[in-house]
$ cat start.tsv   # TSV, C-alpha atoms
chain	number	residue	atom	x	y	z
A	1176	MET	CA	-74.60	-22.95	35.40
A	1177	ARG	CA	-71.69	-20.61	34.66
A	1178	THR	CA	-72.60	-16.94	34.78
A	1179	SER	CA	-71.16	-14.19	32.62
A	1180	LYS	CA	-68.34	-11.95	33.79
A	1181	LEU	CA	-70.75	-9.02	33.60
A	1182	HIS	CA	-73.13	-10.85	35.95
A	1183	ASP	CA	-70.38	-11.16	38.55
A	1184	GLU	CA	-69.45	-7.49	38.18
A	1185	ILE	CA	-73.05	-6.33	38.57
A	1186	PHE	CA	-73.49	-8.47	41.69
A	1187	ALA	CA	-70.25	-7.15	43.22
A	1188	PHE	CA	-71.19	-3.56	42.36
A	1189	ALA	CA	-74.58	-3.95	44.07
A	1190	GLN	CA	-73.03	-5.48	47.20
A	1191	ALA	CA	-70.56	-2.60	47.44
A	1192	SER	CA	-73.39	-0.09	46.97
A	1193	ILE	CA	-75.42	-1.72	49.75
A	1194	THR	CA	-72.38	-1.67	52.05
A	1195	ARG	CA	-71.86	2.05	51.41
A	1196	GLY	CA	-75.52	2.70	52.18
A	1197	GLU	CA	-75.30	0.85	55.48
A	1198	ALA	CA	-72.95	3.54	56.78
A	1199	ALA	CA	-75.88	5.98	56.93
A	1200	HIS	CA	-78.47	3.43	58.09
A	1201	ALA	CA	-77.93	3.98	61.82
A	1202	GLU	CA	-78.17	7.74	61.40
A	1203	VAL	CA	-81.37	7.44	59.36
A	1204	GLN	CA	-82.94	5.21	62.01
A	1205	GLY	CA	-81.98	7.72	64.70
A	1206	ILE	CA	-83.53	10.55	62.70
A	1207	LEU	CA	-86.76	8.56	62.28
A	1208	ALA	CA	-86.92	7.87	66.02
A	1209	SER	CA	-86.45	11.60	66.78
A	1210	LEU	CA	-89.06	12.59	64.21
A	1211	ARG	CA	-91.56	10.08	65.58
A	1212	ALA	CA	-91.12	11.44	69.11
A	1213	LEU	CA	-91.57	15.01	67.87
A	1214	VAL	CA	-94.68	14.19	65.81
A	1215	SER	CA	-96.23	12.23	68.71
A	1216	SER	CA	-95.72	15.20	71.04
A	1217	ARG	CA	-97.97	17.31	68.78
A	1218	TRP	CA	-100.31	14.68	67.30
A	1219	PRO	CA	-100.36	11.60	69.60
A	1220	GLN	CA	-102.41	9.52	67.17
A	1221	ALA	CA	-100.16	10.21	64.15
A	1222	THR	CA	-97.60	7.76	62.80
A	1223	VAL	CA	-94.46	8.26	60.72
A	1224	GLU	CA	-93.91	5.93	57.75
A	1225	LEU	CA	-90.79	5.51	55.64
A	1226	TYR	CA	-91.24	4.91	51.92
A	1227	GLY	CA	-89.17	5.27	48.76
A	1228	SER	CA	-85.81	3.65	48.11
A	1229	ARG	CA	-84.72	3.82	51.77
A	1230	ALA	CA	-87.66	1.56	52.60
A	1231	THR	CA	-87.19	-0.90	49.73
A	1232	GLY	CA	-83.42	-1.39	49.93
A	1233	LEU	CA	-82.86	0.26	46.56
A	1234	SER	CA	-81.22	3.42	47.87
A	1235	LEU	CA	-77.85	4.81	46.97
A	1236	ALA	CA	-75.65	6.50	49.57
A	1237	SER	CA	-76.95	9.89	48.37
A	1238	SER	CA	-80.65	8.95	48.22
A	1239	ASP	CA	-83.33	11.02	49.94
A	1240	VAL	CA	-85.15	9.82	53.02
A	1241	ASP	CA	-88.86	9.90	52.10
A	1242	VAL	CA	-91.23	10.10	55.07
A	1243	THR	CA	-94.98	10.59	55.28
A	1244	LEU	CA	-97.22	11.24	58.27
A	1245	LEU	CA	-100.47	9.33	58.74
A	1246	GLY	CA	-103.30	10.26	61.07
A	1247	VAL	CA	-102.55	13.98	61.34
A	1248	PRO	CA	-105.95	15.58	62.19
A	1249	CYS	CA	-105.58	18.48	59.78
A	1250	GLY	CA	-108.34	17.68	57.32
A	1251	ALA	CA	-107.91	17.29	53.57
A	1252	GLY	CA	-106.80	19.88	51.07
A	1253	ARG	CA	-103.62	21.77	50.28
A	1254	GLU	CA	-104.27	24.60	52.76
A	1255	ALA	CA	-104.91	22.26	55.68
A	1256	VAL	CA	-101.87	20.11	54.89
A	1257	GLY	CA	-99.74	23.20	54.47
A	1258	GLY	CA	-100.83	24.45	57.89
A	1259	ALA	CA	-99.83	21.15	59.53
A	1260	LEU	CA	-96.44	21.20	57.80
A	1261	LYS	CA	-95.91	24.75	59.05
A	1262	GLU	CA	-96.57	23.53	62.59
A	1263	LEU	CA	-94.07	20.74	62.11
A	1264	HIS	CA	-91.56	23.22	60.70
A	1265	ALA	CA	-91.86	25.28	63.89
A	1266	LEU	CA	-91.51	22.18	66.09
A	1267	MET	CA	-88.32	21.16	64.33
A	1268	GLU	CA	-86.56	24.49	64.79
A	1269	GLY	CA	-83.54	24.00	67.00
A	1270	GLN	CA	-83.49	20.21	66.76
A	1271	PRO	CA	-79.84	19.04	66.70
A	1272	TRP	CA	-80.46	16.74	63.73
A	1273	VAL	CA	-81.93	19.57	61.61
A	1274	ALA	CA	-79.43	21.77	59.73
A	1275	SER	CA	-81.94	23.44	57.40
A	1276	GLN	CA	-85.62	23.36	56.45
A	1277	LYS	CA	-87.61	24.50	53.45
A	1278	LEU	CA	-91.37	24.39	52.96
A	1279	VAL	CA	-92.51	23.74	49.39
A	1280	LEU	CA	-96.27	24.22	49.62
A	1281	SER	CA	-96.80	24.84	45.89
A	1282	ALA	CA	-95.87	21.27	44.93
A	1283	ARG	CA	-98.63	18.84	43.92
A	1284	ILE	CA	-97.90	17.10	47.23
A	1285	PRO	CA	-96.79	19.81	49.74
A	1286	VAL	CA	-93.46	18.87	51.29
A	1287	LEU	CA	-91.15	19.94	54.09
A	1288	LYS	CA	-87.57	19.46	52.86
A	1289	VAL	CA	-85.01	18.95	55.62
A	1290	ALA	CA	-81.24	18.51	55.57
A	1291	THR	CA	-79.27	17.01	58.45
A	1292	PRO	CA	-75.83	18.25	59.60
A	1293	SER	CA	-74.31	15.35	57.64
A	1294	SER	CA	-76.27	16.44	54.52
A	1295	ILE	CA	-78.80	13.61	54.48
A	1296	PRO	CA	-81.86	15.01	52.62
A	1297	ILE	CA	-85.29	14.26	54.12
A	1298	ASP	CA	-88.65	14.91	52.42
A	1299	ILE	CA	-91.61	14.98	54.81
A	1300	THR	CA	-95.18	14.87	53.50
A	1301	ILE	CA	-98.65	14.19	54.91
A	1302	SER	CA	-100.81	11.43	53.44
A	1303	ASP	CA	-104.21	13.08	53.21
A	1304	SER	CA	-105.58	11.77	49.89
A	1305	ALA	CA	-105.30	9.09	47.22
A	1306	GLN	CA	-102.93	11.40	45.35
A	1307	HIS	CA	-100.18	10.42	47.77
A	1308	THR	CA	-99.18	6.99	46.48
A	1309	GLY	CA	-95.82	6.69	48.23
A	1310	LEU	CA	-96.82	3.85	50.56
A	1311	LEU	CA	-98.66	1.98	47.81
A	1312	ALA	CA	-95.59	2.26	45.58
A	1313	ARG	CA	-93.37	1.05	48.42
A	1314	ASP	CA	-95.46	-2.07	48.95
A	1315	LEU	CA	-95.71	-2.70	45.19
A	1316	VAL	CA	-91.92	-2.53	44.77
A	1317	LEU	CA	-91.34	-4.75	47.81
A	1318	GLY	CA	-93.64	-7.31	46.18
A	1319	TYR	CA	-91.64	-7.13	42.94
A	1320	LEU	CA	-88.37	-7.64	44.83
A	1321	SER	CA	-89.79	-10.61	46.72
A	1322	GLU	CA	-90.75	-12.33	43.47
A	1323	ALA	CA	-87.67	-11.28	41.48
A	1324	PRO	CA	-84.66	-10.66	43.77
A	1325	GLN	CA	-82.43	-10.11	40.72
A	1326	LEU	CA	-84.11	-6.72	40.34
A	1327	THR	CA	-82.09	-5.27	43.25
A	1328	PRO	CA	-78.61	-5.43	41.67
A	1329	LEU	CA	-79.96	-4.35	38.27
A	1330	VAL	CA	-81.73	-1.34	39.78
A	1331	LEU	CA	-78.70	-0.29	41.82
A	1332	VAL	CA	-76.40	-0.41	38.78
A	1333	LEU	CA	-78.82	1.47	36.54
A	1334	LYS	CA	-79.68	4.06	39.20
A	1335	SER	CA	-75.99	4.74	39.78
A	1336	PHE	CA	-75.36	4.94	36.04
A	1337	LEU	CA	-78.23	7.36	35.39
A	1338	ARG	CA	-77.38	9.49	38.41
A	1339	GLU	CA	-73.77	9.87	37.30
A	1340	LEU	CA	-75.01	11.14	33.95
A	1341	GLY	CA	-77.63	13.46	35.46
A	1342	LEU	CA	-80.43	11.38	33.96
A	1343	ASN	CA	-82.21	10.35	37.16
A	1344	ASP	CA	-84.69	13.23	37.40
A	1345	PRO	CA	-87.78	13.09	35.14
A	1346	TYR	CA	-88.30	16.87	35.42
A	1347	THR	CA	-84.81	18.00	34.39
A	1348	GLY	CA	-83.65	15.01	32.39
A	1349	GLY	CA	-84.08	11.26	32.52
A	1350	MET	CA	-86.47	9.05	34.41
A	1351	SER	CA	-87.57	8.35	37.95
A	1352	SER	CA	-86.46	5.39	40.05
A	1353	TYR	CA	-90.07	4.19	40.21
A	1354	SER	CA	-90.33	4.12	36.41
A	1355	LEU	CA	-87.05	2.24	36.21
A	1356	VAL	CA	-88.19	-0.42	38.69
A	1357	VAL	CA	-91.53	-0.95	36.96
A	1358	LEU	CA	-89.94	-1.25	33.51
A	1359	LEU	CA	-87.35	-3.71	34.81
A	1360	TRP	CA	-90.07	-5.78	36.47
A	1361	LEU	CA	-92.07	-5.95	33.26
A	1362	PHE	CA	-88.96	-6.91	31.31
A	1363	VAL	CA	-88.08	-9.72	33.75
A	1364	CYS	CA	-91.67	-11.01	33.62
A	1365	GLU	CA	-91.70	-10.99	29.82
A	1366	SER	CA	-88.30	-12.72	29.71
A	1367	ALA	CA	-89.53	-15.48	32.02
A	1368	HIS	CA	-92.74	-15.84	29.97
A	1369	ARG	CA	-90.69	-16.37	26.81
A	1370	GLY	CA	-88.40	-18.87	28.49
A	1371	TYR	CA	-85.28	-16.71	28.51
A	1372	ASN	CA	-82.59	-16.84	31.18
A	1373	THR	CA	-83.56	-14.45	33.97
A	1374	THR	CA	-80.80	-15.34	36.42
A	1375	ASP	CA	-77.73	-13.99	34.59
A	1376	LEU	CA	-77.63	-10.30	35.45
A	1377	GLY	CA	-75.30	-9.50	32.58
A	1378	TYR	CA	-77.62	-10.78	29.87
A	1379	GLN	CA	-80.62	-9.28	31.69
A	1380	LEU	CA	-78.98	-5.85	31.64
A	1381	LEU	CA	-78.25	-6.10	27.92
A	1382	GLY	CA	-81.78	-7.34	27.24
A	1383	PHE	CA	-83.25	-4.43	29.19
A	1384	PHE	CA	-81.23	-1.92	27.18
A	1385	SER	CA	-82.51	-3.52	23.97
A	1386	MET	CA	-86.13	-3.54	25.17
A	1387	PHE	CA	-85.93	0.10	26.24
A	1388	LEU	CA	-84.56	1.19	22.88
A	1389	TYR	CA	-87.18	-0.88	21.03
A	1390	ARG	CA	-89.96	0.91	22.89
A	1391	PHE	CA	-88.68	4.44	23.39
A	1392	ASP	CA	-86.03	5.24	20.78
A	1393	SER	CA	-88.55	6.69	18.32
A	1394	GLN	CA	-91.10	8.10	20.76
A	1395	VAL	CA	-92.09	7.99	24.42
A	1396	THR	CA	-94.77	5.30	24.65
A	1397	HIS	CA	-97.59	5.26	27.18
A	1398	VAL	CA	-96.82	2.84	30.02
A	1399	ASP	CA	-99.60	2.27	32.54
A	1400	ASP	CA	-98.92	2.82	36.23
A	1401	PRO	CA	-99.57	-0.46	38.10
A	1402	LEU	CA	-101.06	1.63	40.90
A	1403	SER	CA	-103.70	3.20	38.65
A	1404	PRO	CA	-106.45	0.64	39.39
A	1405	MET	CA	-106.07	1.54	43.08
A	1406	ILE	CA	-106.29	5.32	42.66
A	1407	THR	CA	-108.53	5.89	39.62
A	1408	ALA	CA	-112.22	5.25	39.07
A	1409	PRO	CA	-113.34	2.65	36.51
A	1410	GLY	CA	-113.22	4.11	33.02
A	1411	GLU	CA	-110.74	6.85	33.86
A	1412	PRO	CA	-107.46	6.90	31.89
A	1413	ARG	CA	-104.56	5.39	33.79
A	1414	GLU	CA	-101.50	7.34	34.83
A	1415	ASN	CA	-98.51	7.05	32.50
A	1416	ILE	CA	-95.16	6.57	34.26
A	1417	MET	CA	-93.35	7.95	31.20
A	1418	HIS	CA	-95.39	11.13	30.73
A	1419	SER	CA	-93.00	13.34	32.67
A	1420	CYS	CA	-89.73	11.88	31.40
A	1421	TYR	CA	-87.79	14.76	29.86
A	1422	GLN	CA	-84.82	14.32	27.49
A	1423	ILE	CA	-85.62	10.63	27.13
A	1424	GLY	CA	-83.60	10.78	23.91
A	1425	ARG	CA	-80.44	11.22	25.99
A	1426	VAL	CA	-81.33	8.08	27.95
A	1427	CYS	CA	-81.77	6.19	24.68
A	1428	ARG	CA	-78.43	7.41	23.31
A	1429	THR	CA	-76.72	6.39	26.53
A	1430	PHE	CA	-78.29	2.91	26.50
A	1431	HIS	CA	-77.34	2.49	22.85
A	1432	ARG	CA	-73.74	3.31	23.68
A	1433	ALA	CA	-73.89	0.92	26.64
A	1434	LEU	CA	-74.98	-1.90	24.34
A	1435	GLN	CA	-71.99	-1.25	22.11
A	1436	LEU	CA	-69.58	-1.26	25.04
A	1437	LEU	CA	-70.97	-4.37	26.71
A	1438	SER	CA	-71.67	-6.52	23.64
A	1439	PRO	CA	-70.67	-10.18	24.02
A	1440	GLU	CA	-69.04	-9.74	20.60
A	1441	THR	CA	-66.35	-7.46	22.03
A	1442	PRO	CA	-62.97	-8.95	23.04
A	1443	GLU	CA	-63.44	-7.61	26.58
A	1444	TRP	CA	-66.52	-9.77	27.26
A	1445	ASP	CA	-64.51	-12.79	28.43
A	1446	ASP	CA	-61.22	-11.10	29.22
A	1447	PRO	CA	-60.75	-11.31	33.02
A	1448	ALA	CA	-58.19	-8.50	32.90
A	1449	THR	CA	-60.68	-5.98	31.49
A	1450	PRO	CA	-63.65	-5.14	33.78
A	1451	LEU	CA	-66.77	-4.17	31.88
A	1452	LEU	CA	-68.74	-1.98	34.31
A	1453	PRO	CA	-65.98	0.60	34.88
A	1454	ARG	CA	-65.66	0.87	31.09
A	1455	LEU	CA	-69.40	1.38	30.83
A	1456	PHE	CA	-69.42	4.17	33.40
A	1457	SER	CA	-66.39	5.99	32.02
A	1458	GLU	CA	-66.81	5.68	28.25
A	1459	ALA	CA	-70.60	5.95	28.05
A	1460	SER	CA	-70.44	8.90	30.44
A	1461	SER	CA	-67.93	10.69	28.22
A	1462	ALA	CA	-69.96	10.03	25.09
A	1463	ASN	CA	-73.15	11.26	26.71
A	1464	ARG	CA	-71.60	14.47	28.05
A	1465	ALA	CA	-70.66	15.40	24.50
A	1466	THR	CA	-74.37	15.83	23.74
A	1467	GLN	CA	-75.41	17.28	27.11
A	1468	THR	CA	-74.72	20.93	26.23
A	1469	GLU	CA	-76.80	20.65	23.08
A	1470	ALA	CA	-79.63	18.87	24.90
A	1471	THR	CA	-79.88	21.36	27.76
A	1472	ALA	CA	-79.89	24.28	25.33
A	1473	THR	CA	-83.04	23.11	23.58
A	1474	THR	CA	-86.58	24.24	24.25
A	1475	PRO	CA	-87.71	23.80	27.90
A	1476	PRO	CA	-89.80	20.72	28.60
A	1477	PRO	CA	-93.54	20.92	27.91
A	1478	ALA	CA	-95.86	21.68	30.79
A	1479	ALA	CA	-96.66	17.98	31.25
A	1480	ALA	CA	-92.99	17.24	31.84
A	1481	ARG	CA	-92.70	19.94	34.48
A	1482	THR	CA	-95.75	18.77	36.42
A	1483	PRO	CA	-94.94	16.04	38.97
A	1484	PRO	CA	-96.91	12.83	38.33
A	1485	SER	CA	-98.64	10.85	41.04
A	1486	SER	CA	-95.99	8.13	41.10
A	1487	GLY	CA	-95.42	6.35	37.77
A	1488	GLY	CA	-96.45	3.00	36.20
A	1489	SER	CA	-96.37	0.42	33.39
A	1490	SER	CA	-97.89	-2.44	31.45
A	1491	ALA	CA	-97.33	-1.72	27.78
A	1492	ALA	CA	-93.63	-2.40	28.07
A	1493	ALA	CA	-94.35	-6.06	28.68
A	1494	SER	CA	-95.09	-6.52	24.99
A	1495	ALA	CA	-91.59	-5.52	23.92
A	1496	PRO	CA	-89.13	-8.25	23.02
A	1497	PRO	CA	-86.39	-8.74	25.62
$ encode --input "start.tsv" --output "structure tokens"
Amino acid sequence: MRTSKLHDEIFAFAQASITRGEAAHAEVQGILASLRALVSSRWPQATVELYGSRATGLSLASSDVDVTLLGVPCGAGREAVGGALKELHALMEGQPWVASQKLVLSARIPVLKVATPSSIPIDITISDSAQHTGLLARDLVLGYLSEAPQLTPLVLVLKSFLRELGLNDPYTGGMSSYSLVVLLWLFVCESAHRGYNTTDLGYQLLGFFSMFLYRFDSQVTHVDDPLSPMITAPGEPRENIMHSCYQIGRVCRTFHRALQLLSPETPEWDDPATPLLPRLFSEASSANRATQTEATATTPPPAAARTPPSSGGSSAAASAPP
């Protein structure tokens, strides 16, 4: 079956993104080996686990390295975890792969933020409670990718697009990568259920834009976190992966512009001399920046949007038409 030109461009973009990320892979693995040796010297029974986009293959070249420690005998609670992170901070002083460190103990999940000499950002946490859902989210996403491999190129294109526009941070503007993956998964599942083509990445991208606008253009709708049944008691309200998304209106305006640029009705759709993705990134970016000054000058986000969520989630989006 012949695929659309946009499908081919999305696939090529994703392959190029993966190739760029591989340049840092060896360094990341070396950092993990050094960190594991350091952690074992202080807590022999502890293990170091990678999660986030670096663990799922959905990372960009600039993505953080998310690491959590299991089996640290520090007890539960913010104070105990903070004490263990302070010990780790002291152990890491002078390490050749550590250029800078910063403890953020006031965060919902206390974190030690590290930067390497080559500017690779590393976030180190300690899994001491059900609040830390990083490993659960990693395994959930890996399951999605196993069942729907077409998610990988779609996620990489959309992550790159949102990051270029400054719309990849739910606390300052946009949405998290986790929310994006969950919404894409639900859209692909709904498309398959309705008998639509789920193999052409071009039509899937356009369908996702349409679904997103259908659900969120007028208001931010509650979307259940798939991890909620694992971390909440029966009867408790489920986490909402959209509750912290700030300036979601800018995301909607950007997706609306993207639909206009990529419409199969445009002359460029089948013109081999006119690539579609570069046009999307350049023209939609320019249109969005025209509203950025106005958006950032508005009232600060409500308290809910400034409070980090546990991880994200979704189920309601499955009812939207693709």
$ closest_residue --input "start.tsv" --among "A:Phe1387, A:Thr1327, A:Arg1177, A:Val1363" --to "Phe1430 of chain A" --atoms "only C-alpha atoms"
A:Phe1387
$ closest_residue --input "start.tsv" --among "A:Gly1227, A:Pro1439, A:Pro1345, A:Gly1377" --to "Met1417 of chain A" --atoms "all atoms listed in the file"
A:Pro1345
$ residues_around --input "start.tsv" --residues "segment 1293-1302 of chain A" --least-positions-apart "3" --cutoff "7 Å" --atoms "only C-alpha atoms" --output "number ranges by chain"
A: 1239-1245, 1256, 1285-1290, 1307
$ closest_residue --input "start.tsv" --among "A:Leu1260, A:Leu1381, A:Ala1251, A:Leu1331" --to "Ser1192 of chain A" --atoms "only C-alpha atoms"
A:Leu1331
$ atom_distance --input "start.tsv" --atom1 "atom CA of Glu1339 of chain A" --atom2 "atom CA of Leu1452 of chain A"
13.2 Å
$ atom_distance --input "start.tsv" --atom1 "atom CA of Leu1213 of chain A" --atom2 "atom CA of Arg1229 of chain A"
20.8 Å
$ decode --input "start.tsv" --residues "segment 1361-1374 of chain A" --atoms "N, CA, C and O atoms" --output "mmCIF file, in the first residue's frame"
data_model
loop_
_atom_site.group_PDB
_atom_site.id
_atom_site.type_symbol
_atom_site.label_atom_id
_atom_site.label_comp_id
_atom_site.auth_asym_id
_atom_site.auth_seq_id
_atom_site.Cartn_x
_atom_site.Cartn_y
_atom_site.Cartn_z
ATOM 1 N N LEU A 1361 -3.942 6.432 23.005
ATOM 2 C CA LEU A 1361 -5.394 6.348 23.008
ATOM 3 C C LEU A 1361 -5.966 6.641 21.625
ATOM 4 O O LEU A 1361 -6.928 6.016 21.189
ATOM 5 N N PHE A 1362 -5.345 7.610 20.935
ATOM 6 C CA PHE A 1362 -5.810 7.932 19.585
ATOM 7 C C PHE A 1362 -5.587 6.754 18.637
ATOM 8 O O PHE A 1362 -6.474 6.408 17.837
ATOM 9 N N VAL A 1363 -4.423 6.124 18.695
ATOM 10 C CA VAL A 1363 -4.134 4.981 17.821
ATOM 11 C C VAL A 1363 -5.106 3.832 18.112
ATOM 12 O O VAL A 1363 -5.619 3.185 17.196
ATOM 13 N N CYS A 1364 -5.363 3.593 19.401
ATOM 14 C CA CYS A 1364 -6.304 2.519 19.771
ATOM 15 C C CYS A 1364 -7.695 2.804 19.238
ATOM 16 O O CYS A 1364 -8.364 1.901 18.696
ATOM 17 N N GLU A 1365 -8.146 4.055 19.383
ATOM 18 C CA GLU A 1365 -9.483 4.412 18.895
ATOM 19 C C GLU A 1365 -9.549 4.316 17.374
ATOM 20 O O GLU A 1365 -10.549 3.865 16.808
ATOM 21 N N SER A 1366 -8.470 4.717 16.699
ATOM 22 C CA SER A 1366 -8.436 4.628 15.237
ATOM 23 C C SER A 1366 -8.549 3.178 14.785
ATOM 24 O O SER A 1366 -9.296 2.851 13.850
ATOM 25 N N ALA A 1367 -7.803 2.295 15.445
ATOM 26 C CA ALA A 1367 -7.859 0.871 15.090
ATOM 27 C C ALA A 1367 -9.245 0.305 15.357
ATOM 28 O O ALA A 1367 -9.780 -0.484 14.568
ATOM 29 N N HIS A 1368 -9.854 0.717 16.480
ATOM 30 C CA HIS A 1368 -11.192 0.232 16.840
ATOM 31 C C HIS A 1368 -12.220 0.628 15.789
ATOM 32 O O HIS A 1368 -13.159 -0.135 15.495
ATOM 33 N N ARG A 1369 -12.047 1.795 15.190
ATOM 34 C CA ARG A 1369 -13.006 2.280 14.199
ATOM 35 C C ARG A 1369 -12.646 1.842 12.782
ATOM 36 O O ARG A 1369 -13.322 2.217 11.821
ATOM 37 N N GLY A 1370 -11.567 1.081 12.652
ATOM 38 C CA GLY A 1370 -11.206 0.550 11.350
ATOM 39 C C GLY A 1370 -10.442 1.493 10.459
ATOM 40 O O GLY A 1370 -10.338 1.270 9.249
ATOM 41 N N TYR A 1371 -9.875 2.563 11.048
ATOM 42 C CA TYR A 1371 -9.111 3.513 10.252
ATOM 43 C C TYR A 1371 -7.683 3.025 10.053
ATOM 44 O O TYR A 1371 -7.171 2.198 10.805
ATOM 45 N N ASN A 1372 -7.026 3.583 9.051
ATOM 46 C CA ASN A 1372 -5.636 3.255 8.756
ATOM 47 C C ASN A 1372 -4.740 3.760 9.879
ATOM 48 O O ASN A 1372 -4.719 4.955 10.179
ATOM 49 N N THR A 1373 -4.006 2.849 10.502
ATOM 50 C CA THR A 1373 -3.104 3.249 11.592
ATOM 51 C C THR A 1373 -1.643 3.065 11.208
ATOM 52 O O THR A 1373 -0.764 3.172 12.063
ATOM 53 N N THR A 1374 -1.374 2.788 9.952
ATOM 54 C CA THR A 1374 0.011 2.557 9.524
ATOM 55 C C THR A 1374 0.617 3.765 8.814
ATOM 56 O O THR A 1374 1.838 3.910 8.796
#
